[in-house]
>>> print(open('final12.cif').read())   # mmCIF, N, CA and C atoms
data_target
loop_
_atom_site.label_atom_id
_atom_site.label_comp_id
_atom_site.auth_asym_id
_atom_site.auth_seq_id
_atom_site.Cartn_x
_atom_site.Cartn_y
_atom_site.Cartn_z
N MET W 1 114.30 -21.86 -112.97
CA MET W 1 113.40 -22.97 -112.83
C MET W 1 113.34 -23.38 -111.36
N ASN W 2 112.16 -23.49 -110.82
CA ASN W 2 111.97 -23.84 -109.43
C ASN W 2 111.96 -25.35 -109.30
N SER W 3 112.99 -25.91 -108.67
CA SER W 3 113.10 -27.36 -108.57
C SER W 3 112.77 -27.85 -107.17
N GLN W 4 112.20 -26.99 -106.34
CA GLN W 4 111.89 -27.42 -104.97
C GLN W 4 110.73 -28.39 -104.97
N ARG W 5 110.89 -29.44 -104.19
CA ARG W 5 109.82 -30.41 -104.00
C ARG W 5 109.08 -30.02 -102.74
N PRO W 6 107.82 -30.44 -102.63
CA PRO W 6 107.10 -30.18 -101.39
C PRO W 6 107.78 -30.89 -100.23
N GLY W 7 108.03 -30.19 -99.16
CA GLY W 7 108.64 -30.77 -97.99
C GLY W 7 110.16 -30.77 -98.02
N ALA W 8 110.79 -30.34 -99.13
CA ALA W 8 112.25 -30.33 -99.20
C ALA W 8 112.76 -29.04 -98.58
N THR W 9 113.79 -29.18 -97.76
CA THR W 9 114.40 -28.00 -97.14
C THR W 9 115.61 -27.59 -97.98
N PRO W 10 116.03 -26.34 -97.84
CA PRO W 10 117.22 -25.91 -98.59
C PRO W 10 118.45 -26.77 -98.25
N ASN W 11 118.57 -27.22 -97.02
CA ASN W 11 119.70 -28.05 -96.63
C ASN W 11 119.66 -29.39 -97.37
N THR W 12 118.49 -29.97 -97.50
CA THR W 12 118.34 -31.24 -98.21
C THR W 12 118.69 -31.06 -99.68
N GLU W 13 118.24 -29.96 -100.26
CA GLU W 13 118.55 -29.71 -101.68
C GLU W 13 120.04 -29.50 -101.89
N ALA W 14 120.69 -28.85 -100.95
CA ALA W 14 122.13 -28.66 -101.07
C ALA W 14 122.87 -29.99 -101.01
N LEU W 15 122.43 -30.86 -100.10
CA LEU W 15 123.06 -32.18 -100.00
C LEU W 15 122.83 -32.99 -101.28
N GLU W 16 121.63 -32.92 -101.83
CA GLU W 16 121.35 -33.65 -103.07
C GLU W 16 122.19 -33.11 -104.22
N ALA W 17 122.33 -31.80 -104.31
CA ALA W 17 123.15 -31.20 -105.38
C ALA W 17 124.61 -31.61 -105.24
N ARG W 18 125.10 -31.63 -104.01
CA ARG W 18 126.48 -32.03 -103.78
C ARG W 18 126.69 -33.50 -104.17
N PHE W 19 125.74 -34.37 -103.81
CA PHE W 19 125.83 -35.78 -104.19
C PHE W 19 125.82 -35.94 -105.70
N ALA W 20 124.94 -35.17 -106.38
CA ALA W 20 124.86 -35.26 -107.84
C ALA W 20 126.18 -34.83 -108.48
N LEU W 21 126.79 -33.79 -107.96
CA LEU W 21 128.09 -33.35 -108.51
C LEU W 21 129.17 -34.41 -108.29
N ARG W 22 129.20 -35.02 -107.12
CA ARG W 22 130.20 -36.07 -106.86
C ARG W 22 129.99 -37.27 -107.77
N ALA W 23 128.72 -37.70 -107.90
CA ALA W 23 128.44 -38.86 -108.75
C ALA W 23 128.80 -38.57 -110.19
N THR W 24 128.48 -37.36 -110.65
CA THR W 24 128.83 -36.97 -112.03
C THR W 24 130.33 -36.96 -112.23
N ALA W 25 131.07 -36.44 -111.25
CA ALA W 25 132.54 -36.41 -111.37
C ALA W 25 133.12 -37.82 -111.43
N HIS W 26 132.61 -38.74 -110.58
CA HIS W 26 133.10 -40.11 -110.60
C HIS W 26 132.76 -40.81 -111.92
N LEU W 27 131.56 -40.61 -112.42
CA LEU W 27 131.17 -41.24 -113.68
C LEU W 27 131.98 -40.69 -114.85
N THR W 28 132.24 -39.38 -114.83
CA THR W 28 133.04 -38.77 -115.91
C THR W 28 134.47 -39.31 -115.87
N ALA W 29 135.02 -39.45 -114.68
CA ALA W 29 136.38 -39.96 -114.56
C ALA W 29 136.47 -41.40 -115.04
N ARG W 30 135.46 -42.20 -114.79
CA ARG W 30 135.47 -43.59 -115.19
C ARG W 30 135.06 -43.78 -116.67
N ALA W 31 134.43 -42.78 -117.26
CA ALA W 31 133.95 -42.90 -118.64
C ALA W 31 135.10 -43.01 -119.63
N ASP W 32 136.24 -42.43 -119.31
CA ASP W 32 137.39 -42.49 -120.23
C ASP W 32 137.90 -43.92 -120.37
N ALA W 33 137.68 -44.76 -119.38
CA ALA W 33 138.19 -46.13 -119.40
C ALA W 33 137.23 -47.09 -120.11
N LEU W 34 136.02 -46.63 -120.48
CA LEU W 34 135.04 -47.50 -121.13
C LEU W 34 135.39 -47.70 -122.60
N PRO W 35 135.04 -48.86 -123.14
CA PRO W 35 135.28 -49.11 -124.57
C PRO W 35 134.40 -48.20 -125.44
N GLN W 36 134.77 -48.04 -126.70
CA GLN W 36 134.11 -47.13 -127.64
C GLN W 36 132.64 -47.50 -127.86
N ASP W 37 132.33 -48.79 -128.01
CA ASP W 37 130.94 -49.18 -128.29
C ASP W 37 130.00 -48.85 -127.12
N ILE W 38 130.48 -49.00 -125.89
CA ILE W 38 129.65 -48.68 -124.72
C ILE W 38 129.42 -47.17 -124.62
N THR W 39 130.45 -46.38 -124.84
CA THR W 39 130.28 -44.92 -124.78
C THR W 39 129.33 -44.45 -125.87
N GLU W 40 129.38 -45.07 -127.03
CA GLU W 40 128.46 -44.69 -128.11
C GLU W 40 127.03 -45.04 -127.75
N ARG W 41 126.79 -46.22 -127.18
CA ARG W 41 125.44 -46.60 -126.76
C ARG W 41 124.93 -45.67 -125.66
N LEU W 42 125.81 -45.29 -124.73
CA LEU W 42 125.40 -44.36 -123.67
C LEU W 42 125.04 -42.99 -124.24
N ARG W 43 125.80 -42.52 -125.24
CA ARG W 43 125.51 -41.22 -125.86
C ARG W 43 124.16 -41.24 -126.54
N VAL W 44 123.86 -42.33 -127.28
CA VAL W 44 122.57 -42.46 -127.97
C VAL W 44 121.43 -42.53 -126.95
N ALA W 45 121.62 -43.29 -125.88
CA ALA W 45 120.59 -43.41 -124.85
C ALA W 45 120.35 -42.06 -124.17
N ARG W 46 121.41 -41.30 -123.94
CA ARG W 46 121.28 -39.97 -123.32
C ARG W 46 120.49 -39.03 -124.23
N GLU W 47 120.78 -39.06 -125.54
CA GLU W 47 120.05 -38.20 -126.48
C GLU W 47 118.57 -38.58 -126.55
N GLN W 48 118.29 -39.88 -126.53
CA GLN W 48 116.89 -40.32 -126.55
C GLN W 48 116.16 -39.89 -125.28
N ALA W 49 116.84 -39.98 -124.16
CA ALA W 49 116.22 -39.56 -122.89
C ALA W 49 115.93 -38.07 -122.90
N ILE W 50 116.83 -37.29 -123.46
CA ILE W 50 116.62 -35.83 -123.54
C ILE W 50 115.45 -35.52 -124.46
N GLN W 51 115.34 -36.22 -125.58
CA GLN W 51 114.22 -36.01 -126.49
C GLN W 51 112.89 -36.37 -125.83
N ARG W 52 112.87 -37.48 -125.11
CA ARG W 52 111.63 -37.87 -124.40
C ARG W 52 111.26 -36.85 -123.33
N ALA W 53 112.24 -36.37 -122.61
CA ALA W 53 111.97 -35.37 -121.56
C ALA W 53 111.40 -34.10 -122.17
N ARG W 54 111.95 -33.68 -123.32
CA ARG W 54 111.43 -32.48 -123.99
C ARG W 54 110.00 -32.71 -124.47
N ALA W 55 109.74 -33.90 -125.02
CA ALA W 55 108.39 -34.20 -125.50
C ALA W 55 107.39 -34.20 -124.34
N VAL W 56 107.77 -34.80 -123.25
CA VAL W 56 106.87 -34.82 -122.08
C VAL W 56 106.66 -33.42 -121.55
N ARG W 57 107.71 -32.64 -121.52
CA ARG W 57 107.61 -31.27 -121.02
C ARG W 57 106.69 -30.42 -121.90
N THR W 58 106.78 -30.61 -123.23
CA THR W 58 105.91 -29.82 -124.11
C THR W 58 104.47 -30.30 -124.05
N GLU W 59 104.24 -31.60 -123.75
CA GLU W 59 102.88 -32.10 -123.61
C GLU W 59 102.28 -31.71 -122.26
N VAL W 60 103.08 -31.72 -121.22
CA VAL W 60 102.59 -31.47 -119.87
C VAL W 60 102.42 -29.98 -119.60
N ALA W 61 103.24 -29.15 -120.18
CA ALA W 61 103.19 -27.72 -119.89
C ALA W 61 101.82 -27.10 -120.17
N PRO W 62 101.16 -27.35 -121.32
CA PRO W 62 99.82 -26.78 -121.50
C PRO W 62 98.80 -27.34 -120.53
N GLN W 63 98.94 -28.63 -120.16
CA GLN W 63 97.99 -29.23 -119.22
C GLN W 63 98.15 -28.61 -117.83
N VAL W 64 99.39 -28.36 -117.42
CA VAL W 64 99.63 -27.75 -116.12
C VAL W 64 99.09 -26.33 -116.11
N ALA W 65 99.31 -25.59 -117.19
CA ALA W 65 98.81 -24.22 -117.26
C ALA W 65 97.29 -24.21 -117.23
N ALA W 66 96.67 -25.15 -117.92
CA ALA W 66 95.20 -25.22 -117.93
C ALA W 66 94.67 -25.60 -116.55
N SER W 67 95.33 -26.52 -115.87
CA SER W 67 94.86 -26.92 -114.55
C SER W 67 95.06 -25.79 -113.55
N ARG W 68 96.12 -25.05 -113.68
CA ARG W 68 96.33 -23.91 -112.79
C ARG W 68 95.31 -22.83 -113.06
N ALA W 69 94.97 -22.62 -114.30
CA ALA W 69 93.97 -21.60 -114.64
C ALA W 69 92.59 -22.02 -114.17
N GLY W 70 92.29 -23.31 -114.23
CA GLY W 70 90.98 -23.80 -113.81
C GLY W 70 90.86 -23.91 -112.30
N ALA W 71 91.97 -23.85 -111.58
CA ALA W 71 91.93 -24.02 -110.13
C ALA W 71 91.51 -22.75 -109.41
N THR W 72 91.49 -21.63 -110.09
CA THR W 72 91.11 -20.39 -109.43
C THR W 72 89.60 -20.32 -109.30
N LEU W 73 89.15 -19.77 -108.20
CA LEU W 73 87.73 -19.66 -107.91
C LEU W 73 87.26 -18.28 -108.35
N THR W 74 86.29 -18.24 -109.24
CA THR W 74 85.79 -16.96 -109.71
C THR W 74 84.29 -16.92 -109.58
N TRP W 75 83.76 -15.76 -109.32
CA TRP W 75 82.33 -15.51 -109.25
C TRP W 75 81.96 -14.56 -110.36
N PRO W 76 80.71 -14.56 -110.77
CA PRO W 76 80.31 -13.61 -111.80
C PRO W 76 80.51 -12.18 -111.29
N GLY W 77 81.17 -11.40 -112.06
CA GLY W 77 81.43 -10.01 -111.68
C GLY W 77 82.64 -9.84 -110.80
N ALA W 78 83.34 -10.95 -110.48
CA ALA W 78 84.52 -10.86 -109.63
C ALA W 78 85.67 -10.28 -110.45
N PRO W 79 86.57 -9.56 -109.80
CA PRO W 79 87.71 -9.00 -110.52
C PRO W 79 88.62 -10.11 -111.02
N SER W 80 89.28 -9.89 -112.13
CA SER W 80 90.13 -10.92 -112.71
C SER W 80 91.57 -10.80 -112.24
N ASP W 81 91.81 -10.09 -111.15
CA ASP W 81 93.18 -9.92 -110.65
C ASP W 81 93.55 -10.98 -109.63
N GLY W 82 92.90 -12.14 -109.67
CA GLY W 82 93.24 -13.22 -108.77
C GLY W 82 92.33 -13.30 -107.56
N GLY W 83 91.25 -12.52 -107.54
CA GLY W 83 90.30 -12.61 -106.44
C GLY W 83 90.69 -11.81 -105.22
N SER W 84 91.51 -10.78 -105.36
CA SER W 84 91.92 -10.01 -104.20
C SER W 84 90.97 -8.85 -103.92
N GLY W 85 89.81 -8.83 -104.54
CA GLY W 85 88.86 -7.75 -104.35
C GLY W 85 87.94 -7.99 -103.19
N TRP W 86 86.80 -7.36 -103.24
CA TRP W 86 85.84 -7.43 -102.14
C TRP W 86 85.10 -8.75 -102.13
N TRP W 87 85.17 -9.54 -103.22
CA TRP W 87 84.53 -10.85 -103.23
C TRP W 87 85.19 -11.78 -102.22
N LEU W 88 86.49 -11.68 -102.11
CA LEU W 88 87.22 -12.52 -101.16
C LEU W 88 86.85 -12.16 -99.73
N LYS W 89 86.73 -10.87 -99.45
CA LYS W 89 86.34 -10.43 -98.11
C LYS W 89 84.91 -10.85 -97.80
N LEU W 90 84.02 -10.75 -98.79
CA LEU W 90 82.64 -11.15 -98.59
C LEU W 90 82.56 -12.65 -98.34
N GLY W 91 83.32 -13.41 -99.08
CA GLY W 91 83.34 -14.86 -98.90
C GLY W 91 83.87 -15.26 -97.53
N ALA W 92 84.76 -14.45 -96.96
CA ALA W 92 85.29 -14.76 -95.63
C ALA W 92 84.31 -14.34 -94.54
N LEU W 93 83.56 -13.29 -94.74
CA LEU W 93 82.64 -12.78 -93.72
C LEU W 93 81.28 -13.46 -93.74
N LEU W 94 80.89 -14.02 -94.85
CA LEU W 94 79.56 -14.62 -94.98
C LEU W 94 79.32 -15.75 -93.97
N PRO W 95 80.23 -16.68 -93.74
CA PRO W 95 79.99 -17.71 -92.72
C PRO W 95 79.87 -17.12 -91.31
N LEU W 96 80.63 -16.08 -91.03
CA LEU W 96 80.54 -15.44 -89.72
C LEU W 96 79.18 -14.79 -89.52
N VAL W 97 78.67 -14.13 -90.53
CA VAL W 97 77.35 -13.50 -90.45
C VAL W 97 76.27 -14.57 -90.27
N ALA W 98 76.38 -15.67 -90.99
CA ALA W 98 75.41 -16.76 -90.86
C ALA W 98 75.44 -17.36 -89.46
N LEU W 99 76.63 -17.50 -88.88
CA LEU W 99 76.76 -18.05 -87.53
C LEU W 99 76.12 -17.12 -86.50
N VAL W 100 76.38 -15.83 -86.59
CA VAL W 100 75.80 -14.87 -85.65
C VAL W 100 74.28 -14.84 -85.78
N ALA W 101 73.77 -14.84 -87.00
CA ALA W 101 72.32 -14.84 -87.20
C ALA W 101 71.69 -16.11 -86.62
N GLY W 102 72.33 -17.26 -86.81
CA GLY W 102 71.82 -18.51 -86.26
C GLY W 102 71.81 -18.49 -84.74
N LEU W 103 72.86 -17.97 -84.13
CA LEU W 103 72.89 -17.89 -82.67
C LEU W 103 71.82 -16.96 -82.13
N MET W 104 71.57 -15.86 -82.84
CA MET W 104 70.51 -14.93 -82.41
C MET W 104 69.14 -15.59 -82.52
N LEU W 105 68.90 -16.35 -83.56
CA LEU W 105 67.62 -17.06 -83.70
C LEU W 105 67.44 -18.11 -82.61
N ILE W 106 68.49 -18.82 -82.28
CA ILE W 106 68.41 -19.82 -81.21
C ILE W 106 68.11 -19.15 -79.87
N GLN W 107 68.77 -18.04 -79.60
CA GLN W 107 68.52 -17.32 -78.34
C GLN W 107 67.07 -16.82 -78.28
N ASP W 108 66.56 -16.30 -79.38
CA ASP W 108 65.18 -15.82 -79.42
C ASP W 108 64.20 -16.98 -79.20
N TRP W 109 64.43 -18.10 -79.84
CA TRP W 109 63.56 -19.26 -79.69
C TRP W 109 63.58 -19.76 -78.25
N HIS W 110 64.77 -19.83 -77.66
CA HIS W 110 64.90 -20.30 -76.27
C HIS W 110 64.18 -19.34 -75.32
N GLY W 111 64.33 -18.06 -75.52
CA GLY W 111 63.65 -17.07 -74.68
C GLY W 111 62.14 -17.16 -74.79
N SER W 112 61.63 -17.35 -76.00
CA SER W 112 60.18 -17.45 -76.16
C SER W 112 59.65 -18.73 -75.52
N ASN W 113 60.42 -19.81 -75.53
CA ASN W 113 60.02 -21.05 -74.84
C ASN W 113 59.96 -20.84 -73.33
N GLN W 114 60.93 -20.12 -72.79
CA GLN W 114 60.91 -19.84 -71.35
C GLN W 114 59.71 -18.99 -70.96
N VAL W 115 59.40 -17.98 -71.77
CA VAL W 115 58.27 -17.10 -71.48
C VAL W 115 56.96 -17.89 -71.55
N SER W 116 56.82 -18.75 -72.55
CA SER W 116 55.57 -19.53 -72.65
C SER W 116 55.44 -20.53 -71.51
N ALA W 117 56.55 -21.10 -71.04
CA ALA W 117 56.50 -22.03 -69.89
C ALA W 117 56.11 -21.28 -68.63
N ALA W 118 56.66 -20.10 -68.42
CA ALA W 118 56.29 -19.30 -67.24
C ALA W 118 54.84 -18.86 -67.33
N ALA W 119 54.35 -18.53 -68.52
CA ALA W 119 52.95 -18.13 -68.67
C ALA W 119 52.02 -19.30 -68.36
N GLU W 120 52.41 -20.51 -68.74
CA GLU W 120 51.61 -21.69 -68.43
C GLU W 120 51.50 -21.91 -66.93
N ILE W 121 52.64 -21.77 -66.24
CA ILE W 121 52.64 -21.95 -64.78
C ILE W 121 51.78 -20.88 -64.13
N ASP W 122 51.91 -19.63 -64.55
CA ASP W 122 51.11 -18.54 -63.98
C ASP W 122 49.63 -18.78 -64.23
N ALA W 123 49.29 -19.22 -65.42
CA ALA W 123 47.87 -19.45 -65.74
C ALA W 123 47.30 -20.58 -64.89
N SER W 124 48.09 -21.65 -64.66
CA SER W 124 47.58 -22.75 -63.83
C SER W 124 47.47 -22.33 -62.38
N LEU W 125 48.38 -21.48 -61.89
CA LEU W 125 48.29 -21.00 -60.51
C LEU W 125 47.08 -20.10 -60.31
N LEU W 126 46.85 -19.22 -61.26
CA LEU W 126 45.75 -18.27 -61.12
C LEU W 126 44.39 -18.92 -61.34
N SER W 127 44.33 -19.99 -62.09
CA SER W 127 43.05 -20.64 -62.34
C SER W 127 42.75 -21.75 -61.32
N ASP W 128 43.64 -21.98 -60.37
CA ASP W 128 43.47 -23.03 -59.38
C ASP W 128 42.47 -22.58 -58.31
N ASP W 129 41.96 -23.55 -57.55
CA ASP W 129 41.00 -23.26 -56.50
C ASP W 129 41.64 -22.62 -55.28
N LEU W 130 42.94 -22.85 -55.08
CA LEU W 130 43.63 -22.28 -53.92
C LEU W 130 43.99 -20.83 -54.19
N PRO W 131 43.96 -20.01 -53.19
CA PRO W 131 44.42 -18.63 -53.36
C PRO W 131 45.95 -18.61 -53.44
N PRO W 132 46.54 -17.63 -54.10
CA PRO W 132 48.01 -17.56 -54.23
C PRO W 132 48.73 -17.50 -52.89
N SER W 133 48.08 -16.96 -51.83
CA SER W 133 48.75 -16.88 -50.53
C SER W 133 48.94 -18.26 -49.90
N ALA W 134 48.15 -19.25 -50.33
CA ALA W 134 48.29 -20.60 -49.77
C ALA W 134 49.61 -21.23 -50.18
N TYR W 135 50.14 -20.85 -51.31
CA TYR W 135 51.40 -21.44 -51.78
C TYR W 135 52.59 -20.97 -50.93
N SER W 136 52.44 -19.83 -50.29
CA SER W 136 53.53 -19.33 -49.46
C SER W 136 53.39 -19.76 -48.01
N ASP W 137 52.34 -20.44 -47.65
CA ASP W 137 52.11 -20.92 -46.29
C ASP W 137 53.06 -22.07 -45.99
N PRO W 138 53.81 -22.03 -44.83
CA PRO W 138 54.74 -23.11 -44.50
C PRO W 138 54.04 -24.45 -44.29
N GLY W 139 52.84 -24.46 -43.83
CA GLY W 139 52.12 -25.71 -43.65
C GLY W 139 51.80 -26.38 -44.98
N PHE W 140 51.53 -25.58 -46.00
CA PHE W 140 51.23 -26.14 -47.31
C PHE W 140 52.48 -26.81 -47.89
N VAL W 141 53.64 -26.22 -47.65
CA VAL W 141 54.89 -26.80 -48.13
C VAL W 141 55.13 -28.14 -47.45
N GLU W 142 54.83 -28.22 -46.12
CA GLU W 142 54.97 -29.48 -45.41
C GLU W 142 53.97 -30.52 -45.92
N PHE W 143 52.78 -30.06 -46.27
CA PHE W 143 51.76 -30.96 -46.82
C PHE W 143 52.23 -31.56 -48.14
N LEU W 144 52.87 -30.74 -48.95
CA LEU W 144 53.39 -31.24 -50.24
C LEU W 144 54.54 -32.24 -50.03
N LYS W 145 55.35 -32.02 -49.00
CA LYS W 145 56.49 -32.91 -48.77
C LYS W 145 56.08 -34.26 -48.18
N SER W 146 54.94 -34.30 -47.47
CA SER W 146 54.53 -35.55 -46.84
C SER W 146 54.03 -36.53 -47.89
N PRO W 147 54.28 -37.84 -47.63
CA PRO W 147 53.84 -38.85 -48.61
C PRO W 147 52.31 -38.94 -48.63
N GLN W 148 51.79 -39.13 -49.80
CA GLN W 148 50.35 -39.26 -49.99
C GLN W 148 49.96 -40.73 -49.90
N ASP W 149 48.84 -41.03 -49.26
CA ASP W 149 48.36 -42.41 -49.16
C ASP W 149 47.43 -42.75 -50.26
#
>>> encode(input="final12.cif", output="structure tokens")
Amino acid sequence: MNSQRPGATPNTEALEARFALRATAHLTARADALPQDITERLRVAREQAIQRARAVRTEVAPQVAASRAGATLTWPGAPSDGGSGWWLKLGALLPLVALVAGLMLIQDWHGSNQVSAAAEIDASLLSDDLPPSAYSDPGFVEFLKSPQD
């Protein structure tokens, strides 16, 4: 029977077991000095506690088994060996594939926006009244830098 609690270390369990043995030894040593009526009441109380523990254990055991069985994730057609088949690998790779596809779509959208912006600038330059050589003239650059009245 596995009696480990979550977060309990083997050292902690050893200390608890040692304490339980010491307490049991002290109680057993002192039990001989108790009057008969008290020892009889303690025996009856111990038997009742054991019966209750057994009843709880028999009621809880099917519920625990059902909850453990319901906690497993299954897909239609998935193997019944605990999910160690290709469904598990597919489930792990699917988010990665979706992420890569999304990044590729974002890159494509961004690239098409840049191309359309450059095409707009080229179209406005070519349809303007100034010849393209005027844009490379140093005097024109100075004209653009000067404040307009």
>>> atom_distance(input="final12.cif", atom1="CA of Ala31 (chain W)", atom2="atom N of Ala45 (chain W)")
14.3 Å
>>> atom_distance(input="final12.cif", atom1="atom N of Glu13 (chain W)", atom2="atom N of Glu59 (chain W)")
27.4 Å
>>> atom_distance(input="final12.cif", atom1="atom N of Ser127 (chain W)", atom2="atom C of Val115 (chain W)")
15.9 Å
